[in-house]
$ cat model_34.txt   # compact mmCIF, C-alpha atoms
# COMPACT_ATOMS: atom_id res chain seq x y z
CA GLY P 1 8.21 5.39 1.22
CA ASN P 2 6.18 3.57 -1.38
CA SER P 3 3.95 5.61 -3.66
CA VAL P 4 2.00 5.36 -6.88
CA THR P 5 1.31 8.16 -9.33
CA GLN P 6 -1.43 7.91 -11.92
CA MET P 7 -2.44 10.24 -14.69
CA GLU P 8 -5.24 12.62 -13.88
CA GLY P 9 -8.65 11.88 -15.27
CA PRO P 10 -11.17 11.75 -16.58
CA VAL P 11 -10.05 10.06 -19.75
CA THR P 12 -12.77 10.36 -22.36
CA LEU P 13 -12.68 8.07 -25.39
CA SER P 14 -14.95 6.88 -28.14
CA GLU P 15 -15.76 3.20 -28.44
CA GLU P 16 -12.99 1.19 -30.13
CA ALA P 17 -10.33 3.78 -29.35
CA PHE P 18 -6.93 2.82 -27.92
CA LEU P 19 -6.50 3.30 -24.18
CA THR P 20 -3.42 4.10 -22.15
CA ILE P 21 -3.52 5.00 -18.47
CA ASN P 22 -0.10 5.86 -17.12
CA CYS P 23 1.14 4.62 -13.77
CA THR P 24 4.56 5.11 -12.23
CA TYR P 25 5.73 4.01 -8.83
CA THR P 26 8.35 4.54 -6.17
CA ALA P 27 9.21 1.56 -4.01
CA THR P 28 11.98 -0.16 -2.15
CA GLY P 29 12.80 -3.70 -3.13
CA TYR P 30 10.83 -5.57 -5.75
CA PRO P 31 7.14 -4.76 -5.51
CA SER P 32 4.22 -6.56 -7.05
CA LEU P 33 2.04 -4.31 -9.19
CA PHE P 34 -1.70 -4.40 -9.70
CA TRP P 35 -4.50 -2.74 -11.58
CA TYR P 36 -7.88 -2.69 -9.86
CA VAL P 37 -11.13 -1.53 -11.46
CA GLN P 38 -14.17 -0.01 -9.79
CA TYR P 39 -17.33 -0.06 -11.88
CA PRO P 40 -20.10 2.41 -10.95
CA GLY P 41 -21.73 1.42 -7.69
CA GLU P 42 -19.45 -1.56 -7.16
CA GLY P 43 -16.34 -2.46 -5.17
CA LEU P 44 -12.77 -2.94 -6.26
CA GLN P 45 -12.00 -5.83 -8.56
CA LEU P 46 -8.56 -7.06 -9.45
CA LEU P 47 -8.06 -6.54 -13.18
CA LEU P 48 -4.50 -7.78 -13.62
CA LYS P 49 -1.20 -8.10 -11.85
CA ALA P 50 2.54 -8.59 -12.36
CA THR P 51 4.91 -9.82 -9.71
CA LYS P 52 8.34 -9.24 -11.26
CA ALA P 53 10.13 -7.11 -13.79
CA ASP P 54 9.17 -7.65 -17.46
CA ASP P 55 6.07 -9.64 -16.50
CA LYS P 56 2.98 -8.75 -18.50
CA GLY P 57 -0.36 -8.96 -16.78
CA SER P 58 -3.43 -9.33 -18.98
CA ASN P 59 -7.17 -9.76 -18.59
CA LYS P 60 -10.30 -8.86 -20.57
CA GLY P 61 -8.18 -7.30 -23.33
CA PHE P 62 -6.28 -5.09 -20.90
CA GLU P 63 -2.50 -5.40 -20.57
CA ALA P 64 0.22 -3.87 -18.44
CA THR P 65 3.95 -4.60 -18.43
CA TYR P 66 6.10 -4.24 -15.34
CA ARG P 67 8.98 -1.96 -16.40
CA LYS P 68 11.61 -1.74 -13.71
CA GLU P 69 13.88 0.56 -15.70
CA THR P 70 11.17 3.21 -15.98
CA THR P 71 9.33 2.22 -12.75
CA SER P 72 6.10 2.07 -14.72
CA PHE P 73 3.07 -0.17 -15.12
CA HIS P 74 0.93 1.51 -17.76
CA LEU P 75 -2.48 0.04 -18.53
CA GLU P 76 -3.41 -0.43 -22.18
CA LYS P 77 -6.31 -1.75 -24.20
CA GLY P 78 -6.47 -1.83 -27.96
CA SER P 79 -10.20 -1.20 -28.37
CA VAL P 80 -12.30 0.06 -25.48
CA GLN P 81 -16.01 -0.59 -25.02
CA VAL P 82 -18.70 1.45 -23.30
CA SER P 83 -18.75 -1.23 -20.61
CA ASP P 84 -15.13 -0.39 -19.74
CA SER P 85 -16.26 2.91 -18.24
CA ALA P 86 -15.03 2.76 -14.66
CA VAL P 87 -12.34 4.05 -12.32
CA TYR P 88 -8.99 2.31 -12.65
CA PHE P 89 -6.55 2.13 -9.76
CA CYS P 90 -2.88 1.26 -9.97
CA ALA P 91 -1.46 -0.27 -6.79
CA LEU P 92 1.71 -1.80 -5.43
CA GLY P 93 2.87 -3.98 -2.59
CA ASN P 94 6.32 -5.09 -1.57
CA THR P 95 7.28 -8.73 -1.07
CA GLY P 96 5.58 -10.06 2.02
CA PHE P 97 3.59 -6.87 2.32
CA GLN P 98 0.53 -6.40 4.43
CA LYS P 99 -1.00 -3.54 2.53
CA LEU P 100 -1.55 -2.16 -0.92
CA VAL P 101 -0.60 1.40 -1.79
CA PHE P 102 -3.02 2.84 -4.32
CA GLY P 103 -2.84 5.65 -6.80
CA THR P 104 -5.56 8.27 -6.92
CA GLY P 105 -7.52 6.41 -9.60
CA THR P 106 -8.29 7.42 -13.18
CA ARG P 107 -11.86 7.66 -14.37
CA LEU P 108 -12.44 6.32 -17.89
CA LEU P 109 -15.51 7.40 -19.80
CA VAL P 110 -16.24 5.60 -23.08
CA SER P 111 -18.96 6.95 -25.34
CA PRO P 112 -20.71 5.03 -28.15
CA GLU W 113 -17.05 -18.02 -7.07
CA PRO W 114 -16.14 -17.13 -3.48
CA GLU W 115 -16.43 -13.48 -2.58
CA VAL W 116 -16.02 -11.05 0.27
CA THR W 117 -19.38 -9.83 1.58
CA GLN W 118 -19.93 -6.56 3.41
CA THR W 119 -22.98 -5.32 5.29
CA PRO W 120 -24.65 -2.92 5.29
CA SER W 121 -24.11 -1.42 1.86
CA HIS W 122 -24.93 2.04 3.18
CA GLN W 123 -25.07 3.33 6.74
CA VAL W 124 -26.03 6.77 7.93
CA THR W 125 -25.13 7.72 11.47
CA GLN W 126 -25.08 10.79 13.65
CA MET W 127 -21.80 12.35 14.67
CA GLY W 128 -20.58 10.88 17.94
CA GLN W 129 -22.36 7.57 17.48
CA GLU W 130 -20.65 4.21 17.33
CA VAL W 131 -20.83 2.17 14.14
CA ILE W 132 -19.85 -1.38 13.34
CA LEU W 133 -19.13 -2.35 9.77
CA ARG W 134 -19.31 -6.04 9.03
CA CYS W 135 -17.46 -8.25 6.62
CA VAL W 136 -17.45 -11.93 5.80
CA PRO W 137 -14.08 -12.73 4.19
CA ILE W 138 -13.51 -15.66 1.87
CA SER W 139 -13.67 -18.74 4.06
CA ASN W 140 -10.15 -20.14 3.74
CA HIS W 141 -8.38 -16.78 3.78
CA LEU W 142 -6.09 -15.93 6.65
CA TYR W 143 -5.30 -12.23 6.20
CA PHE W 144 -7.93 -9.54 6.53
CA TYR W 145 -7.84 -5.84 5.75
CA TRP W 146 -9.83 -2.64 5.94
CA TYR W 147 -9.36 0.21 3.52
CA ARG W 148 -11.31 3.39 3.05
CA GLN W 149 -11.96 5.76 0.19
CA ILE W 150 -13.11 9.27 0.92
CA LEU W 151 -15.18 10.54 -1.98
CA GLY W 152 -12.95 11.58 -4.86
CA GLN W 153 -9.75 10.53 -3.12
CA LYS W 154 -7.46 7.53 -3.19
CA VAL W 155 -8.10 4.23 -1.48
CA GLU W 156 -6.20 4.24 1.82
CA PHE W 157 -5.04 1.34 3.94
CA LEU W 158 -6.36 1.26 7.50
CA VAL W 159 -5.39 -2.02 9.08
CA SER W 160 -4.41 -5.62 8.48
CA PHE W 161 -5.28 -8.53 10.74
CA TYR W 162 -3.80 -11.98 11.02
CA ASN W 163 -3.95 -14.72 13.61
CA ASN W 164 -6.44 -12.75 15.70
CA GLU W 165 -4.33 -9.66 16.05
CA ILE W 166 -3.51 -6.49 14.20
CA SER W 167 -0.37 -6.97 12.16
CA GLU W 168 -0.12 -3.50 10.67
CA LYS W 169 -2.06 -0.26 10.89
CA SER W 170 -1.84 3.15 9.35
CA GLU W 171 -1.74 6.50 11.11
CA ILE W 172 -5.42 6.91 10.22
CA PHE W 173 -6.28 3.94 12.43
CA ASP W 174 -6.29 5.76 15.76
CA ASP W 175 -7.90 4.85 19.08
CA GLN W 176 -11.36 5.52 17.67
CA PHE W 177 -11.01 2.45 15.46
CA SER W 178 -10.91 -1.20 16.39
CA VAL W 179 -11.20 -4.49 14.57
CA GLU W 180 -12.38 -7.86 15.69
CA ARG W 181 -12.94 -11.34 14.40
CA PRO W 182 -15.70 -12.36 16.80
CA ASP W 183 -16.21 -15.79 15.29
CA GLY W 184 -14.87 -17.94 12.50
CA SER W 185 -16.51 -16.04 9.71
CA ASN W 186 -17.00 -12.34 10.50
CA PHE W 187 -14.49 -9.50 10.56
CA THR W 188 -15.70 -6.18 11.92
CA LEU W 189 -14.52 -2.58 11.98
CA LYS W 190 -15.81 -0.44 14.84
CA ILE W 191 -15.64 3.32 14.97
CA ARG W 192 -16.36 4.40 18.54
CA SER W 193 -17.38 8.01 18.11
CA THR W 194 -17.87 8.95 14.50
CA LYS W 195 -16.77 12.27 13.07
CA LEU W 196 -17.91 13.99 9.90
CA GLU W 197 -14.55 13.21 8.30
CA ASP W 198 -15.14 9.48 8.79
CA SER W 199 -17.65 9.64 5.95
CA ALA W 200 -16.22 7.38 3.27
CA MET W 201 -16.55 4.07 1.48
CA TYR W 202 -15.03 1.35 3.63
CA PHE W 203 -13.69 -1.74 1.90
CA CYS W 204 -12.95 -5.05 3.51
CA ALA W 205 -10.49 -7.38 1.81
CA SER W 206 -8.99 -10.78 2.45
CA SER W 207 -6.13 -12.84 1.11
CA LEU W 208 -5.03 -16.42 1.52
CA ASN W 209 -1.43 -15.58 2.22
CA ARG W 210 0.59 -12.46 2.76
CA GLN W 211 0.14 -10.45 -0.37
CA GLY W 212 3.18 -10.57 -2.60
CA ALA W 213 4.09 -14.09 -1.53
CA VAL W 214 5.81 -16.28 -4.09
CA SER W 215 2.44 -17.46 -5.33
CA GLY W 216 1.47 -13.86 -6.02
CA THR W 217 -1.58 -14.05 -3.82
CA GLU W 218 -3.76 -11.02 -4.20
CA ALA W 219 -6.43 -9.47 -2.02
CA PHE W 220 -10.09 -9.82 -2.83
CA PHE W 221 -12.25 -6.84 -1.99
CA GLY W 222 -15.85 -6.59 -0.92
CA GLN W 223 -18.44 -4.25 -2.41
CA GLY W 224 -17.87 -1.68 0.29
CA THR W 225 -20.00 0.02 2.92
CA ARG W 226 -20.73 3.67 2.34
CA LEU W 227 -20.69 5.40 5.71
CA THR W 228 -22.30 8.81 5.93
CA VAL W 229 -21.86 10.75 9.16
CA VAL W 230 -24.31 13.61 9.62
$ encode --input "model_34.txt" --output "structure tokens"
Amino acid sequence: GNSVTQMEGPVTLSEEAFLTINCTYTATGYPSLFWYVQYPGEGLQLLLKATKADDKGSNKGFEATYRKETTSFHLEKGSVQVSDSAVYFCALGNTGFQKLVFGTGTRLLVSP
Amino acid sequence: EPEVTQTPSHQVTQMGQEVILRCVPISNHLYFYWYRQILGQKVEFLVSFYNNEISEKSEIFDDQFSVERPDGSNFTLKIRSTKLEDSAMYFCASSLNRQGAVSGTEAFFGQGTRLTVV
């Protein structure tokens, strides 16, 4: 079945540090891949997405590249801010899917 | 910007009681979903709904759960007899098309309803 594996958190960084949150997946077919973010006290917000191999999703300085050969979709940001502190969820869905399959989430804590 | 709205934001209920969680999806969306997140755990799919019927459900979505679109704007999740283990954040989501369609349509999530069963 489909599954998503994320690195364990929390990830603790200082402001302006480089961020990588690893995500790998197992899926049949050609899934779409997503990163959602959950800020404290809020719901899930779509951060970025990629729908086919080698696509790069980007938003708010965050990037992730859909790597079919390594079945990965790692989230990166060159310089994190305190306001980026949140829980980040990697998710996938197959073509024509009805549901998203989420990873366990990775909490990011950024200190000034 | 259109958004998915959920009410209430927090509900406390006694074990065995019925609860109804309410959602107003984005107005032109056609697919509706419920997910839940038990504290500290992953977000889990419960059910999807299209054309006034359930199109897919998970094994979590047993006979204690039901969904309804009572009118043109609301989408509800009912839990008939709540258990302690139903305590979780429940997220409603909607999408214009099937997710993963050629256009890459994604789901938009509401803020969630935190259900606490005591």
$ residues_around --input "model_34.txt" --residues "stretch 200-209 of chain W" --least-positions-apart "4" --cutoff "6 Å" --atoms "all atoms listed in the file" --output "PyMOL selection string"
chain W and resi 137+141-150+219-222+224-227
$ residues_around --input "model_34.txt" --residues "P:Leu13" --least-positions-apart "5" --cutoff "12 Å" --atoms "all atoms listed in the file" --output "PyMOL selection string"
chain P and resi 18-21+77-82+84-85+107-112
$ atom_distance --input "model_34.txt" --atom1 "atom CA of P:Tyr66" --atom2 "atom CA of P:Leu44"
21.0 Å
$ closest_residue --input "model_34.txt" --among "W:Thr125, W:Ser139, W:Ser167, W:Gln223" --to "chain P" --atoms "all atoms listed in the file"
W:Gln223
$ atom_distance --input "model_34.txt" --atom1 "atom CA of P:Ala53" --atom2 "atom CA of P:Arg67"
5.9 Å
$ build_atoms --input "model_34.txt" --residues "stretch 124-141 of chain W" --atoms "N, CA, C and O atoms" --output "JSON list (two decimals), in the coordinates of the input"
[["chain", "number", "residue", "atom", "x", "y", "z"],
["W", 124, "VAL", "N", -26.02, 5.36, 7.54],
["W", 124, "VAL", "CA", -26.03, 6.77, 7.93],
["W", 124, "VAL", "C", -26.06, 6.82, 9.44],
["W", 124, "VAL", "O", -26.85, 6.13, 10.09],
["W", 125, "THR", "N", -25.20, 7.63, 10.02],
["W", 125, "THR", "CA", -25.13, 7.72, 11.47],
["W", 125, "THR", "C", -24.90, 9.16, 11.90],
["W", 125, "THR", "O", -24.38, 9.98, 11.13],
["W", 126, "GLN", "N", -25.29, 9.44, 13.13],
["W", 126, "GLN", "CA", -25.08, 10.79, 13.65],
["W", 126, "GLN", "C", -23.67, 10.90, 14.24],
["W", 126, "GLN", "O", -23.14, 9.93, 14.80],
["W", 127, "MET", "N", -23.12, 12.07, 14.12],
["W", 127, "MET", "CA", -21.80, 12.35, 14.67],
["W", 127, "MET", "C", -21.77, 11.96, 16.15],
["W", 127, "MET", "O", -22.72, 12.24, 16.89],
["W", 128, "GLY", "N", -20.71, 11.29, 16.55],
["W", 128, "GLY", "CA", -20.58, 10.88, 17.94],
["W", 128, "GLY", "C", -21.09, 9.48, 18.23],
["W", 128, "GLY", "O", -20.81, 8.92, 19.29],
["W", 129, "GLN", "N", -21.82, 8.91, 17.28],
["W", 129, "GLN", "CA", -22.36, 7.57, 17.48],
["W", 129, "GLN", "C", -21.31, 6.52, 17.11],
["W", 129, "GLN", "O", -20.39, 6.76, 16.33],
["W", 130, "GLU", "N", -21.50, 5.34, 17.67],
["W", 130, "GLU", "CA", -20.65, 4.21, 17.33],
["W", 130, "GLU", "C", -21.24, 3.46, 16.14],
["W", 130, "GLU", "O", -22.46, 3.32, 16.04],
["W", 131, "VAL", "N", -20.36, 3.01, 15.25],
["W", 131, "VAL", "CA", -20.83, 2.17, 14.14],
["W", 131, "VAL", "C", -19.96, 0.92, 14.06],
["W", 131, "VAL", "O", -18.78, 0.95, 14.41],
["W", 132, "ILE", "N", -20.58, -0.13, 13.59],
["W", 132, "ILE", "CA", -19.85, -1.38, 13.34],
["W", 132, "ILE", "C", -20.11, -1.78, 11.90],
["W", 132, "ILE", "O", -21.27, -1.96, 11.49],
["W", 133, "LEU", "N", -19.04, -1.90, 11.16],
["W", 133, "LEU", "CA", -19.13, -2.35, 9.77],
["W", 133, "LEU", "C", -18.72, -3.83, 9.74],
["W", 133, "LEU", "O", -17.73, -4.22, 10.34],
["W", 134, "ARG", "N", -19.51, -4.60, 9.00],
["W", 134, "ARG", "CA", -19.31, -6.04, 9.03],
["W", 134, "ARG", "C", -18.84, -6.59, 7.70],
["W", 134, "ARG", "O", -19.22, -6.10, 6.63],
["W", 135, "CYS", "N", -18.05, -7.63, 7.80],
["W", 135, "CYS", "CA", -17.46, -8.25, 6.62],
["W", 135, "CYS", "C", -17.40, -9.76, 6.84],
["W", 135, "CYS", "O", -17.11, -10.22, 7.95],
["W", 136, "VAL", "N", -17.69, -10.50, 5.78],
["W", 136, "VAL", "CA", -17.45, -11.93, 5.80],
["W", 136, "VAL", "C", -16.40, -12.21, 4.75],
["W", 136, "VAL", "O", -16.67, -12.16, 3.54],
["W", 137, "PRO", "N", -15.16, -12.47, 5.16],
["W", 137, "PRO", "CA", -14.08, -12.73, 4.19],
["W", 137, "PRO", "C", -14.28, -14.09, 3.51],
["W", 137, "PRO", "O", -15.14, -14.88, 3.91],
["W", 138, "ILE", "N", -13.50, -14.36, 2.52],
["W", 138, "ILE", "CA", -13.51, -15.66, 1.87],
["W", 138, "ILE", "C", -13.05, -16.71, 2.88],
["W", 138, "ILE", "O", -12.09, -16.49, 3.62],
["W", 139, "SER", "N", -13.73, -17.83, 2.90],
["W", 139, "SER", "CA", -13.67, -18.74, 4.06],
["W", 139, "SER", "C", -12.29, -19.29, 4.37],
["W", 139, "SER", "O", -11.96, -19.47, 5.54],
["W", 140, "ASN", "N", -11.46, -19.55, 3.41],
["W", 140, "ASN", "CA", -10.15, -20.14, 3.74],
["W", 140, "ASN", "C", -9.03, -19.09, 3.78],
["W", 140, "ASN", "O", -7.85, -19.46, 3.90],
["W", 141, "HIS", "N", -9.40, -17.83, 3.72],
["W", 141, "HIS", "CA", -8.38, -16.78, 3.78],
["W", 141, "HIS", "C", -7.94, -16.52, 5.20],
["W", 141, "HIS", "O", -8.69, -16.74, 6.16]]
